[in-house]
Amino acid sequence: MEDSKQELLSNITFPEDLRKLKVDQLPQLCDELRHDIVQELSVNPGHLASSLGVVELTVALHYVYNTPEDRIVWDVGHQAYGHKILTGRRERFNTNRKLHGIRPFPSPEESEYDSFICGHASNSISAALGMAVADRKRKVVAVIGDGAMSGGLAFEGLNNVSSSPNDMLIILNDNNMSIDLSVGGMKQYLLGMNTNETYNALRFKASHWLSSKGLLKEDRRKGLIRLTNAIKSAISHQQNIFEGMNIRYFGPFDGHNVKELVRILRQLRSMNGPKLLHLHTKKGHGYAPAEAYTPIWHAPGKFDPETGELLKGDTKGQPAKFQEVFGHTLLELAEQNPRIVGVTPAMPTGCSMNIMMQAMPGRTFDVGIAEGHAVTFSAGMAKDGLQPFCNIYSAFAQRAYDNIIHDVAILRLPVVLCLDRAGLVGEDGPTHHGAFDLAFLRPIPNLTICSPLNEHELRRLMYTAQLPDMGPFVIRYPRGGGVLKDWRCPLEPIEVGTGQKLRDGEEVAVLSIGPIGNDVARAVEGTKAAHYDMRFLKPLDENILHEVGRKFRKIVTVENGVRNGGLGSAVLEWMNDHGYQPQVVRLGLPDNFVEHGTVAELQKIIGLDVESIKRAILAP
């Protein structure tokens, strides 16, 4: 990548500075902005390829629209780094994703230019519509990717956009990608969309002329849209899904031609009624390594900006990541059990289901950004004899709560929910911490809920989950590396509802669940405390609890999830119900959203690191 002197970017602090430039200067500004993003992310890792793909769109939006009075609602903040740099955060951008630094995703709590929170996909249309209805004087733009458009909430928003009076603009950033390649019918529809260029140009000019003459006001607009839709369908032999919903469609256009984008946006800004602008972009655009293989460059870690070489630390001899152990074990189980299928909502690489996908493509399903559908789709397969392993990141499983209750638990269907990224995830912050799964799943009848201490336990729990008559089975595990260098072990069952005593002791018993038990093992060193790995949140090991209730005056529970409603609450309730009265100290995530930072930094702040656990054990 060629060096840039940042001649223009260095003079831009806020969008009002950007608007002082001439249109002919914008391509140079885009080059400088792209260079700035690449240079910074090479040493301070983050989401690279998505932001590179929308540099021209970002510049054009802030050039044409009067932000922050006008609203730009981003859908998933992966693509918003250029937006941050242009809205007063360039000097602090080197703190992005760091403790007490710039937040990983846009948030109105950080900047007035951040119209809405956008850590999870598919919410932009609904949020933008609400803003557009609340104030018809301001201009509102929702920027949504083709991957996010597959989410159910996006379709719900579109349905309401077509029937609620509004003047909002939806920009469909179509790059054929989410993190991995986009999948499903929407992807195929967008790939196959055949818009006649001559017709499209004439229609765009005609719409602008009609709007300038006041002929596209609300009372006349829908009739004219239906007329032009009918004409277009006759010409192209194709019905446009958006125009079919009475949303005027423009495109597709080149999303990397910034001067053309400015021209188009200026004309669309003055038009009444809901509109959709379809742009073709390339994820990673302008940086050859990121263009070549976008899944890796979605969040590549540190790299050499000149060569594109990824600068990975020395991982030789280090434990594998939990998700890698999951991926290899799933394939191993699938080779033994022909009923096993894999399901993931747009995360085959992230959760390592791509391992089975490559070996058994006919038995793995990437359903796109659609967590609720992933669960109910799995339930349907389970109802007719298959054994689905449905892998969803913990924070995204929140969006499938009703599906878990209504479509899986009530019928006691044998769906294995594998919740990756459970607990603190680090730099992605509060929208991505897997904080709530233990607490929100525990009240649901018919669920078995467990968390492995290490990789061997993960493999054995996965094996147990697919045995006959197990019913709905939840396995949660954290992001990143485990603790065992040799993770392979025999696949053997674990009796459901049993924990294990890891260390005998006196006076104090520490009860943990999941891999955080390894931190507890270090914390109890030099103390007289006993340590139990509960392994299962539901059903609880009542033999252990009776032993602990009879023997110990103090219990410390430790979990990598919210204190309220999780393991600690379950133990406290059980002790009360069975007449035991120990002192119960609950350690876990607090009753507030935990900020971003490294996992070690966050554990120390919330009192979940080894030293804090030891202090809780030794406290009178």
# chains A, B, ... in the order shown; residues from 1 in each chain; ligands from 1
$ select_by_dssp --residues "range 392-614 of chain A" --states "strand (DSSP E)" --output "JSON, numbers by chain"
{"A": [392, 393, 416, 417, 418, 419, 420, 448, 449, 450, 473, 474, 475, 476, 500, 501, 502, 503, 508, 509, 510, 511, 512, 530, 531, 532, 533, 536, 537, 538, 554, 555, 556, 557, 558, 559, 560, 561, 562, 583, 584, 585, 586, 587, 588, 589]}
$ residues_around --residues "Val43 in chain A" --least-positions-apart "2" --cutoff "8 Å" --atoms "only C-alpha atoms" --output "number ranges by chain"
A: 39-41, 45, 302-303
$ write_last_selection --atoms "N, CA and C atoms" --output "mmCIF file, in the first residue's frame"
data_model
loop_
_atom_site.group_PDB
_atom_site.id
_atom_site.type_symbol
_atom_site.label_atom_id
_atom_site.label_comp_id
_atom_site.auth_asym_id
_atom_site.auth_seq_id
_atom_site.Cartn_x
_atom_site.Cartn_y
_atom_site.Cartn_z
ATOM 1 N N GLN A 39 -3.110 1.472 8.603
ATOM 2 C CA GLN A 39 -1.938 1.688 9.449
ATOM 3 C C GLN A 39 -2.274 1.489 10.922
ATOM 4 N N GLU A 40 -3.384 2.010 11.357
ATOM 5 C CA GLU A 40 -3.744 1.912 12.776
ATOM 6 C C GLU A 40 -4.093 0.482 13.170
ATOM 7 N N LEU A 41 -4.856 -0.207 12.326
ATOM 8 C CA LEU A 41 -5.282 -1.563 12.690
ATOM 9 C C LEU A 41 -4.160 -2.575 12.570
ATOM 10 N N PRO A 45 -5.321 -4.131 16.678
ATOM 11 C CA PRO A 45 -6.249 -4.941 15.888
ATOM 12 C C PRO A 45 -7.716 -4.581 16.102
ATOM 13 N N LYS A 302 -2.790 -8.370 14.415
ATOM 14 C CA LYS A 302 -1.690 -7.517 13.958
ATOM 15 C C LYS A 302 -1.130 -8.030 12.626
ATOM 16 N N PHE A 303 -0.654 -7.088 11.794
ATOM 17 C CA PHE A 303 -0.127 -7.479 10.492
ATOM 18 C C PHE A 303 0.855 -6.420 10.004
#
$ residues_around --residues "Val425 in chain A" --least-positions-apart "3" --cutoff "9 Å" --atoms "only C-alpha atoms" --output "PDB file with N, CA and C atoms, in the first residue's frame"
ATOM      1  N   ARG A 421     -18.195 -18.328  22.827  1.00  0.00           N
ATOM      2  CA  ARG A 421     -17.956 -16.961  23.330  1.00  0.00           C
ATOM      3  C   ARG A 421     -18.776 -16.674  24.586  1.00  0.00           C
ATOM      4  N   ALA A 422     -18.947 -17.660  25.460  1.00  0.00           N
ATOM      5  CA  ALA A 422     -19.671 -17.449  26.711  1.00  0.00           C
ATOM      6  C   ALA A 422     -18.775 -16.733  27.711  1.00  0.00           C
ATOM      7  N   ASP A 428     -14.438  -6.697  22.373  1.00  0.00           N
ATOM      8  CA  ASP A 428     -15.703  -6.413  21.689  1.00  0.00           C
ATOM      9  C   ASP A 428     -16.742  -5.801  22.608  1.00  0.00           C
ATOM     10  N   GLY A 429     -16.537  -5.892  23.919  1.00  0.00           N
ATOM     11  CA  GLY A 429     -17.339  -5.123  24.852  1.00  0.00           C
ATOM     12  C   GLY A 429     -18.736  -5.639  25.141  1.00  0.00           C
ATOM     13  N   PRO A 430     -19.594  -4.761  25.692  1.00  0.00           N
ATOM     14  CA  PRO A 430     -20.863  -5.191  26.285  1.00  0.00           C
ATOM     15  C   PRO A 430     -21.854  -5.814  25.314  1.00  0.00           C
ATOM     16  N   HIS A 432     -21.122  -7.920  23.136  1.00  0.00           N
ATOM     17  CA  HIS A 432     -20.638  -9.250  22.767  1.00  0.00           C
ATOM     18  C   HIS A 432     -20.288 -10.143  23.955  1.00  0.00           C
ATOM     19  N   HIS A 433     -20.194  -9.589  25.161  1.00  0.00           N
ATOM     20  CA  HIS A 433     -19.953 -10.447  26.320  1.00  0.00           C
ATOM     21  C   HIS A 433     -21.094 -11.464  26.436  1.00  0.00           C
ATOM     22  N   GLY A 434     -20.730 -12.730  26.616  1.00  0.00           N
ATOM     23  CA  GLY A 434     -21.746 -13.768  26.809  1.00  0.00           C
ATOM     24  C   GLY A 434     -22.141 -13.845  28.270  1.00  0.00           C
ATOM     25  N   PRO A 478     -15.990 -20.598  26.611  1.00  0.00           N
ATOM     26  CA  PRO A 478     -15.536 -19.235  26.329  1.00  0.00           C
ATOM     27  C   PRO A 478     -14.823 -19.099  24.999  1.00  0.00           C
ATOM     28  N   ARG A 479     -14.513 -17.867  24.680  1.00  0.00           N
ATOM     29  CA  ARG A 479     -13.736 -17.546  23.494  1.00  0.00           C
ATOM     30  C   ARG A 479     -12.265 -17.891  23.749  1.00  0.00           C
ATOM     31  N   GLY A 480     -11.612 -18.393  22.720  1.00  0.00           N
ATOM     32  CA  GLY A 480     -10.158 -18.499  22.774  1.00  0.00           C
ATOM     33  C   GLY A 480      -9.619 -19.788  23.357  1.00  0.00           C
ATOM     34  N   HIS A 596     -15.289  -2.614  27.539  1.00  0.00           N
ATOM     35  CA  HIS A 596     -14.355  -3.371  26.720  1.00  0.00           C
ATOM     36  C   HIS A 596     -12.948  -3.244  27.276  1.00  0.00           C
ATOM     37  N   GLY A 597     -12.135  -4.218  26.978  1.00  0.00           N
ATOM     38  CA  GLY A 597     -10.748  -4.293  27.428  1.00  0.00           C
ATOM     39  C   GLY A 597     -10.321  -5.742  27.317  1.00  0.00           C
ATOM     40  N   THR A 598      -9.091  -6.055  27.670  1.00  0.00           N
ATOM     41  CA  THR A 598      -8.686  -7.459  27.646  1.00  0.00           C
ATOM     42  C   THR A 598      -9.449  -8.208  28.732  1.00  0.00           C
ATOM     43  N   VAL A 599      -9.578  -9.504  28.560  1.00  0.00           N
ATOM     44  CA  VAL A 599     -10.287 -10.304  29.559  1.00  0.00           C
ATOM     45  C   VAL A 599      -9.619 -10.162  30.923  1.00  0.00           C
TER      46      VAL A 599
END
$ closest_atom_pairs --of "range 556-614 of chain A" --to "range 503-516 of chain A" --cutoff "8 Å" --atoms "only C-alpha atoms" --output "CSV"
residue,atom,partner,partner_atom,distance
A:Val556,CA,A:Val510,CA,4.7
A:Thr557,CA,A:Leu511,CA,4.7
A:Val558,CA,A:Ser512,CA,4.7
A:Glu559,CA,A:Ile513,CA,5.8
A:Asn560,CA,A:Ile516,CA,6.5
A:Leu567,CA,A:Ile513,CA,7.6
$ residues_around --residues "range 245-262 of chain A" --least-positions-apart "2" --cutoff "7 Å" --atoms "only C-alpha atoms" --output "VMD selection string"
chain A and resid 23 26 to 27 56 to 57 60 64 162 200 204 222 225 241 to 243 264 to 266 274 to 281
$ write_last_selection --atoms "N, CA and C atoms" --output "PDB file, in the first residue's frame"
ATOM      1  N   VAL A  23     -15.739  18.450  -4.371  1.00  0.00           N
ATOM      2  CA  VAL A  23     -16.070  17.065  -4.705  1.00  0.00           C
ATOM      3  C   VAL A  23     -14.874  16.356  -5.338  1.00  0.00           C
ATOM      4  N   LEU A  26     -12.491  14.491  -2.982  1.00  0.00           N
ATOM      5  CA  LEU A  26     -12.958  13.375  -2.159  1.00  0.00           C
ATOM      6  C   LEU A  26     -12.253  12.053  -2.455  1.00  0.00           C
ATOM      7  N   PRO A  27     -11.940  11.723  -3.719  1.00  0.00           N
ATOM      8  CA  PRO A  27     -11.192  10.479  -3.933  1.00  0.00           C
ATOM      9  C   PRO A  27      -9.864  10.450  -3.173  1.00  0.00           C
ATOM     10  N   GLU A  56     -15.734   5.002   0.813  1.00  0.00           N
ATOM     11  CA  GLU A  56     -16.354   5.985  -0.084  1.00  0.00           C
ATOM     12  C   GLU A  56     -17.765   6.329   0.374  1.00  0.00           C
ATOM     13  N   LEU A  57     -18.522   5.326   0.786  1.00  0.00           N
ATOM     14  CA  LEU A  57     -19.879   5.577   1.257  1.00  0.00           C
ATOM     15  C   LEU A  57     -19.872   6.449   2.511  1.00  0.00           C
ATOM     16  N   ALA A  60     -19.079  10.038   1.516  1.00  0.00           N
ATOM     17  CA  ALA A  60     -20.197  10.637   0.784  1.00  0.00           C
ATOM     18  C   ALA A  60     -21.364  10.960   1.717  1.00  0.00           C
ATOM     19  N   VAL A  64     -22.765  14.803   2.280  1.00  0.00           N
ATOM     20  CA  VAL A  64     -24.088  15.220   1.797  1.00  0.00           C
ATOM     21  C   VAL A  64     -25.048  15.517   2.947  1.00  0.00           C
ATOM     22  N   SER A 162     -42.789   0.238   4.659  1.00  0.00           N
ATOM     23  CA  SER A 162     -43.673   0.361   3.501  1.00  0.00           C
ATOM     24  C   SER A 162     -45.049   0.892   3.870  1.00  0.00           C
ATOM     25  N   ASN A 200     -32.723   2.244 -15.464  1.00  0.00           N
ATOM     26  CA  ASN A 200     -32.423   2.713 -14.105  1.00  0.00           C
ATOM     27  C   ASN A 200     -32.051   4.201 -14.118  1.00  0.00           C
ATOM     28  N   PHE A 204     -34.262   7.123 -12.380  1.00  0.00           N
ATOM     29  CA  PHE A 204     -33.678   7.958 -11.336  1.00  0.00           C
ATOM     30  C   PHE A 204     -33.920   9.441 -11.650  1.00  0.00           C
ATOM     31  N   LYS A 222     -47.639   6.567  -3.824  1.00  0.00           N
ATOM     32  CA  LYS A 222     -47.810   5.123  -3.923  1.00  0.00           C
ATOM     33  C   LYS A 222     -48.367   4.718  -5.283  1.00  0.00           C
ATOM     34  N   ILE A 225     -45.524   4.936  -7.725  1.00  0.00           N
ATOM     35  CA  ILE A 225     -44.577   3.833  -7.521  1.00  0.00           C
ATOM     36  C   ILE A 225     -45.125   2.556  -8.145  1.00  0.00           C
ATOM     37  N   ILE A 241     -38.298  -6.997  -5.157  1.00  0.00           N
ATOM     38  CA  ILE A 241     -38.922  -7.242  -3.862  1.00  0.00           C
ATOM     39  C   ILE A 241     -39.158  -5.943  -3.096  1.00  0.00           C
ATOM     40  N   PHE A 242     -38.240  -4.997  -3.211  1.00  0.00           N
ATOM     41  CA  PHE A 242     -38.387  -3.746  -2.464  1.00  0.00           C
ATOM     42  C   PHE A 242     -39.492  -2.880  -3.071  1.00  0.00           C
ATOM     43  N   GLU A 243     -39.513  -2.783  -4.393  1.00  0.00           N
ATOM     44  CA  GLU A 243     -40.564  -2.024  -5.034  1.00  0.00           C
ATOM     45  C   GLU A 243     -41.913  -2.691  -4.834  1.00  0.00           C
ATOM     46  N   ILE A 264     -25.698  11.041  -6.324  1.00  0.00           N
ATOM     47  CA  ILE A 264     -26.921  10.264  -6.083  1.00  0.00           C
ATOM     48  C   ILE A 264     -27.544  10.630  -4.744  1.00  0.00           C
ATOM     49  N   LEU A 265     -26.721  10.714  -3.714  1.00  0.00           N
ATOM     50  CA  LEU A 265     -27.248  11.001  -2.380  1.00  0.00           C
ATOM     51  C   LEU A 265     -27.862  12.396  -2.314  1.00  0.00           C
ATOM     52  N   ARG A 266     -27.275  13.353  -3.004  1.00  0.00           N
ATOM     53  CA  ARG A 266     -27.850  14.700  -3.014  1.00  0.00           C
ATOM     54  C   ARG A 266     -29.262  14.692  -3.588  1.00  0.00           C
ATOM     55  N   PRO A 274     -40.140   6.575   1.480  1.00  0.00           N
ATOM     56  CA  PRO A 274     -39.052   5.627   1.727  1.00  0.00           C
ATOM     57  C   PRO A 274     -38.349   5.227   0.439  1.00  0.00           C
ATOM     58  N   LYS A 275     -37.032   5.094   0.522  1.00  0.00           N
ATOM     59  CA  LYS A 275     -36.207   4.788  -0.651  1.00  0.00           C
ATOM     60  C   LYS A 275     -35.149   3.771  -0.263  1.00  0.00           C
ATOM     61  N   LEU A 276     -34.719   2.973  -1.212  1.00  0.00           N
ATOM     62  CA  LEU A 276     -33.617   2.034  -0.999  1.00  0.00           C
ATOM     63  C   LEU A 276     -32.587   2.212  -2.092  1.00  0.00           C
ATOM     64  N   LEU A 277     -31.355   2.474  -1.670  1.00  0.00           N
ATOM     65  CA  LEU A 277     -30.229   2.611  -2.599  1.00  0.00           C
ATOM     66  C   LEU A 277     -29.361   1.363  -2.495  1.00  0.00           C
ATOM     67  N   HIS A 278     -29.228   0.657  -3.592  1.00  0.00           N
ATOM     68  CA  HIS A 278     -28.486  -0.605  -3.642  1.00  0.00           C
ATOM     69  C   HIS A 278     -27.081  -0.338  -4.189  1.00  0.00           C
ATOM     70  N   LEU A 279     -26.072  -0.596  -3.358  1.00  0.00           N
ATOM     71  CA  LEU A 279     -24.688  -0.374  -3.752  1.00  0.00           C
ATOM     72  C   LEU A 279     -23.918  -1.681  -3.787  1.00  0.00           C
ATOM     73  N   HIS A 280     -23.106  -1.844  -4.799  1.00  0.00           N
ATOM     74  CA  HIS A 280     -22.169  -2.957  -4.850  1.00  0.00           C
ATOM     75  C   HIS A 280     -20.818  -2.486  -4.315  1.00  0.00           C
ATOM     76  N   THR A 281     -20.305  -3.149  -3.292  1.00  0.00           N
ATOM     77  CA  THR A 281     -18.994  -2.821  -2.740  1.00  0.00           C
ATOM     78  C   THR A 281     -18.195  -4.114  -2.585  1.00  0.00           C
TER      79      THR A 281
END
$ closest_residue --among "A:Ala619, A:Ile449, A:Gly565, A:Met470" --to "Leu537 in chain A" --atoms "only C-alpha atoms"
A:Ile449
$ closest_residue --among "A:Phe155, A:Tyr65, A:Tyr287, A:Phe105" --to "Gln79 in chain A" --atoms "only C-alpha atoms"
A:Phe105
$ decode --residues "range 490-519 of chain A" --atoms "C-alpha atoms" --output "compact mmCIF listing (two decimals), in the first residue's frame"
# COMPACT_ATOMS: atom_id res chain seq x y z
CA PRO A 490 -11.47 -40.92 24.45
CA LEU A 491 -15.10 -39.96 23.87
CA GLU A 492 -16.83 -41.18 27.01
CA PRO A 493 -20.16 -40.24 28.62
CA ILE A 494 -20.51 -38.06 31.69
CA GLU A 495 -23.44 -38.74 33.98
CA VAL A 496 -25.85 -35.83 33.65
CA GLY A 497 -26.13 -33.73 36.80
CA THR A 498 -22.79 -34.73 38.30
CA GLY A 499 -19.92 -32.51 39.30
CA GLN A 500 -16.50 -33.38 40.66
CA LYS A 501 -14.51 -32.59 43.78
CA LEU A 502 -11.16 -31.19 42.65
CA ARG A 503 -9.78 -30.42 46.09
CA ASP A 504 -10.83 -31.29 49.64
CA GLY A 505 -10.75 -28.64 52.31
CA GLU A 506 -12.11 -27.11 55.48
CA GLU A 507 -14.43 -24.24 56.42
CA VAL A 508 -14.82 -22.82 52.91
CA ALA A 509 -16.10 -24.56 49.78
CA VAL A 510 -15.65 -22.96 46.37
CA LEU A 511 -18.16 -24.04 43.73
CA SER A 512 -17.33 -23.10 40.14
CA ILE A 513 -18.73 -23.90 36.73
CA GLY A 514 -16.84 -23.93 33.45
CA PRO A 515 -13.23 -23.04 32.53
CA ILE A 516 -13.05 -20.30 35.14
CA GLY A 517 -12.59 -23.22 37.53
CA ASN A 518 -8.98 -23.26 36.38
CA ASP A 519 -8.54 -19.78 37.85
